[in-house]
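J.: If you scroll down you'll find the structure; I have some questions about it.
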Amino acid sequence: MEEILEILEKNFRYTDEQIAVMVGKTVEEVREAIQDYEEKSIIAGYTTLINWENTGKEVVTALIQVKVTPQRGEGFDKVAERIYRYDQVQACYLMSSGGFDLTVIVEGKTMKEVATFVAQKLAVLDNVDGTATHFVLKKYKDHGTIFKEKKNTDNREAIFI
């Protein structure tokens, strides 16, 4: 029934009836599977991906590389938890690279707001040895969705008289 998860990952707005047709199961089987996935935290939540560039809202996204000293008995988990609890943090990943340990995705209203968060909240945490901040200038693709700018869809050739 992993097919259900793949369908929901691409578009959670499908109805149980539509999913049942797609996977060749009954609606009840699909509902039970989804409920089971939610109870087991396999489905951790439902989100909507928004292309903020097409709205009037200004959003600044930054990818921050964080070098951390792991804690005895806790490894990276305790430091990562302190970081991901901040509202500004949208994602936090443990990396396999030797150059840094965590990748933290942060959002704010301005570059200054993000920089202030890094300087006053993130960089000063115990066990954080250094940070490198990279601001996202433009999103082309996010979570499998390609962001295209709206273009004139009128493909007719202009005729001048």
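Residues are referred to by chain and number: the chain letter is A, B, ... according to the order shown in the structure tokens, the number counts from 1 in that chain, and ligands are numbered separately from 1 in the order shown.
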Write out as a list in words which residues come within 7 Å of segment 130-145 of chain A when counting only C-alpha atoms, dropping same-chain ones fewer than 5 positions away.

T.: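 In the requested format, the answer is Thr61, Ala62, Leu63, Ile64, Gln65, Val66, Lys67 and Ala123 of chain A.
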
J.: With all heavy atoms kept, could you save the residues just selected as a PDB file, in the first residue's frame?

T.:
```
ATOM      1  N   THR A  61      14.447  33.078   2.476  1.00  0.00           N
ATOM      2  CA  THR A  61      14.813  31.740   2.903  1.00  0.00           C
ATOM      3  C   THR A  61      16.325  31.620   2.906  1.00  0.00           C
ATOM      4  O   THR A  61      16.984  32.110   1.982  1.00  0.00           O
ATOM      5  CB  THR A  61      14.217  30.677   1.951  1.00  0.00           C
ATOM      6  OG1 THR A  61      12.807  30.851   1.885  1.00  0.00           O
ATOM      7  CG2 THR A  61      14.526  29.270   2.426  1.00  0.00           C
ATOM      8  N   ALA A  62      16.865  30.991   3.932  1.00  0.00           N
ATOM      9  CA  ALA A  62      18.310  30.789   4.017  1.00  0.00           C
ATOM     10  C   ALA A  62      18.599  29.346   4.395  1.00  0.00           C
ATOM     11  O   ALA A  62      17.869  28.730   5.173  1.00  0.00           O
ATOM     12  CB  ALA A  62      18.929  31.727   5.053  1.00  0.00           C
ATOM     13  N   LEU A  63      19.659  28.824   3.813  1.00  0.00           N
ATOM     14  CA  LEU A  63      20.187  27.509   4.165  1.00  0.00           C
ATOM     15  C   LEU A  63      21.417  27.774   5.014  1.00  0.00           C
ATOM     16  O   LEU A  63      22.327  28.475   4.580  1.00  0.00           O
ATOM     17  CB  LEU A  63      20.558  26.747   2.896  1.00  0.00           C
ATOM     18  CG  LEU A  63      21.100  25.341   3.070  1.00  0.00           C
ATOM     19  CD1 LEU A  63      20.723  24.497   1.863  1.00  0.00           C
ATOM     20  CD2 LEU A  63      22.589  25.320   3.260  1.00  0.00           C
ATOM     21  N   ILE A  64      21.427  27.247   6.215  1.00  0.00           N
ATOM     22  CA  ILE A  64      22.525  27.508   7.150  1.00  0.00           C
ATOM     23  C   ILE A  64      23.236  26.199   7.459  1.00  0.00           C
ATOM     24  O   ILE A  64      22.613  25.224   7.894  1.00  0.00           O
ATOM     25  CB  ILE A  64      22.009  28.163   8.445  1.00  0.00           C
ATOM     26  CG1 ILE A  64      21.247  29.435   8.100  1.00  0.00           C
ATOM     27  CG2 ILE A  64      23.163  28.454   9.402  1.00  0.00           C
ATOM     28  CD1 ILE A  64      20.341  29.916   9.172  1.00  0.00           C
ATOM     29  N   GLN A  65      24.535  26.193   7.202  1.00  0.00           N
ATOM     30  CA  GLN A  65      25.363  25.054   7.555  1.00  0.00           C
ATOM     31  C   GLN A  65      25.854  25.286   8.976  1.00  0.00           C
ATOM     32  O   GLN A  65      26.384  26.358   9.287  1.00  0.00           O
ATOM     33  CB  GLN A  65      26.547  24.939   6.600  1.00  0.00           C
ATOM     34  CG  GLN A  65      26.150  24.712   5.165  1.00  0.00           C
ATOM     35  CD  GLN A  65      27.332  24.815   4.224  1.00  0.00           C
ATOM     36  OE1 GLN A  65      28.244  25.590   4.423  1.00  0.00           O
ATOM     37  NE2 GLN A  65      27.293  24.011   3.174  1.00  0.00           N
ATOM     38  N   VAL A  66      25.656  24.306   9.830  1.00  0.00           N
ATOM     39  CA  VAL A  66      26.003  24.459  11.240  1.00  0.00           C
ATOM     40  C   VAL A  66      27.006  23.379  11.639  1.00  0.00           C
ATOM     41  O   VAL A  66      26.768  22.183  11.445  1.00  0.00           O
ATOM     42  CB  VAL A  66      24.749  24.368  12.144  1.00  0.00           C
ATOM     43  CG1 VAL A  66      25.113  24.601  13.601  1.00  0.00           C
ATOM     44  CG2 VAL A  66      23.685  25.359  11.698  1.00  0.00           C
ATOM     45  N   LYS A  67      28.129  23.814  12.185  1.00  0.00           N
ATOM     46  CA  LYS A  67      29.140  22.905  12.733  1.00  0.00           C
ATOM     47  C   LYS A  67      28.847  22.747  14.218  1.00  0.00           C
ATOM     48  O   LYS A  67      28.689  23.739  14.936  1.00  0.00           O
ATOM     49  CB  LYS A  67      30.541  23.477  12.508  1.00  0.00           C
ATOM     50  CG  LYS A  67      31.654  22.567  12.933  1.00  0.00           C
ATOM     51  CD  LYS A  67      31.810  21.414  11.969  1.00  0.00           C
ATOM     52  CE  LYS A  67      32.996  20.561  12.393  1.00  0.00           C
ATOM     53  NZ  LYS A  67      32.876  19.201  11.950  1.00  0.00           N
ATOM     54  N   ALA A 123      24.014  30.929  16.458  1.00  0.00           N
ATOM     55  CA  ALA A 123      25.474  30.855  16.599  1.00  0.00           C
ATOM     56  C   ALA A 123      25.937  30.841  18.050  1.00  0.00           C
ATOM     57  O   ALA A 123      27.020  30.345  18.348  1.00  0.00           O
ATOM     58  CB  ALA A 123      26.133  32.013  15.850  1.00  0.00           C
TER      59      ALA A 123
END
```

J.: What's the 10 Å shell around Phe117 of chain A, counting only C-alpha atoms, without same-chain residues fewer than 5 positions away, as a PyMOL selection string?

T.: chain A and resi 86+88-89+106-108+111-112+122-123

J.: Please identify the helix (DSSP H, G or I) residues within chain A (assignment by DSSP from backbone atoms) and present them as a tab-separated table (two decimals) with C-alpha atoms, in the first residue's frame.

T.:
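Wrote part11.tsv, looks like this:
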```tsv
chain	number	residue	atom	x	y	z
A	2	GLU	CA	3.01	2.30	-0.36
A	3	GLU	CA	1.27	3.49	-3.53
A	4	ILE	CA	-1.12	5.42	-1.30
A	5	LEU	CA	1.78	7.20	0.37
A	6	GLU	CA	3.32	8.08	-3.00
A	7	ILE	CA	0.01	9.51	-4.21
A	8	LEU	CA	-0.53	11.54	-1.04
A	9	GLU	CA	3.06	12.82	-1.11
A	10	LYS	CA	2.47	14.29	-4.56
A	16	ASP	CA	-10.25	8.56	-0.65
A	17	GLU	CA	-12.48	7.56	-3.57
A	18	GLN	CA	-9.96	8.84	-6.15
A	19	ILE	CA	-7.08	7.08	-4.40
A	20	ALA	CA	-9.06	3.82	-4.25
A	21	VAL	CA	-9.52	3.91	-8.03
A	22	MET	CA	-5.82	4.71	-8.56
A	23	VAL	CA	-4.58	1.79	-6.44
A	27	VAL	CA	-12.52	3.12	-0.33
A	28	GLU	CA	-12.67	1.48	3.10
A	29	GLU	CA	-9.25	-0.16	2.59
A	30	VAL	CA	-7.78	3.20	1.62
A	31	ARG	CA	-9.33	4.95	4.64
A	32	GLU	CA	-8.03	2.26	7.01
A	33	ALA	CA	-4.56	2.44	5.48
A	34	ILE	CA	-4.41	6.24	5.78
A	35	GLN	CA	-5.66	6.13	9.36
A	36	ASP	CA	-3.05	3.47	10.19
A	37	TYR	CA	-0.29	5.59	8.55
A	38	GLU	CA	-1.38	8.62	10.60
A	39	GLU	CA	-1.48	6.67	13.88
A	52	TRP	CA	5.45	33.24	-2.33
A	53	GLU	CA	7.02	35.04	-5.30
A	54	ASN	CA	3.57	35.05	-6.93
A	77	ASP	CA	20.04	14.96	18.65
A	78	LYS	CA	19.88	17.32	21.64
A	79	VAL	CA	21.55	20.22	19.80
A	80	ALA	CA	19.35	19.62	16.74
A	81	GLU	CA	16.24	19.67	18.95
A	82	ARG	CA	17.21	23.03	20.46
A	83	ILE	CA	17.62	24.40	16.94
A	84	TYR	CA	14.47	22.99	15.31
A	111	MET	CA	17.70	39.21	5.18
A	112	LYS	CA	18.47	41.27	8.29
A	113	GLU	CA	15.88	39.32	10.30
A	114	VAL	CA	17.45	36.01	9.26
A	115	ALA	CA	20.97	37.31	9.92
A	116	THR	CA	19.92	38.53	13.37
A	117	PHE	CA	18.40	35.12	14.16
A	118	VAL	CA	21.65	33.40	13.16
A	119	ALA	CA	23.84	35.83	15.12
A	120	GLN	CA	21.75	36.12	18.28
A	121	LYS	CA	20.02	32.74	18.59
A	122	LEU	CA	21.75	30.07	16.53
```

J.: Atom CA of Leu102 of chain A to atom CA of Val128 of chain A: how many Å, to one decimal?

T.: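 The value is 10.0 Å.
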
J.: Quote the spacing between atom CA of Tyr93 of chain A and atom CA of Ile105 of chain A in Å to one decimal place.

T.: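 Atom CA of Ile105 of chain A lies 8.8 Å from atom CA of Tyr93 of chain A.
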
J.: Considering only C-alpha atoms, can you say which of A:Thr110, A:Phe76, A:Val124, A:Phe12 comes closest to Met95 of chain A?

T.: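 Ranked by minimum distance to Met95 of chain A, first place goes to A:Phe76.
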
J.: For the atom pair atom CA of Ser96 of chain A and atom CA of Val59 of chain A, what is the interatomic distance in Å to one decimal place?

T.: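 Going from atom CA of Ser96 of chain A over to atom CA of Val59 of chain A, I get 28.8 Å.
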
J.: Report the residues of segment 35-130 of chain A whose backbone DSSP state falls under strand (DSSP E), written as an MDAnalysis selection string.

T.: chainID A and resid 60:68 89:94 102:108 128:130

J.: With only C-alpha atoms as the atoms that count, which of A:Asp129, A:Asn51, A:Lys148, A:Val68 lies nearest to Leu94 of chain A?

T.: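 Looking at the shortest contact to Leu94 of chain A, the residue is A:Val68.
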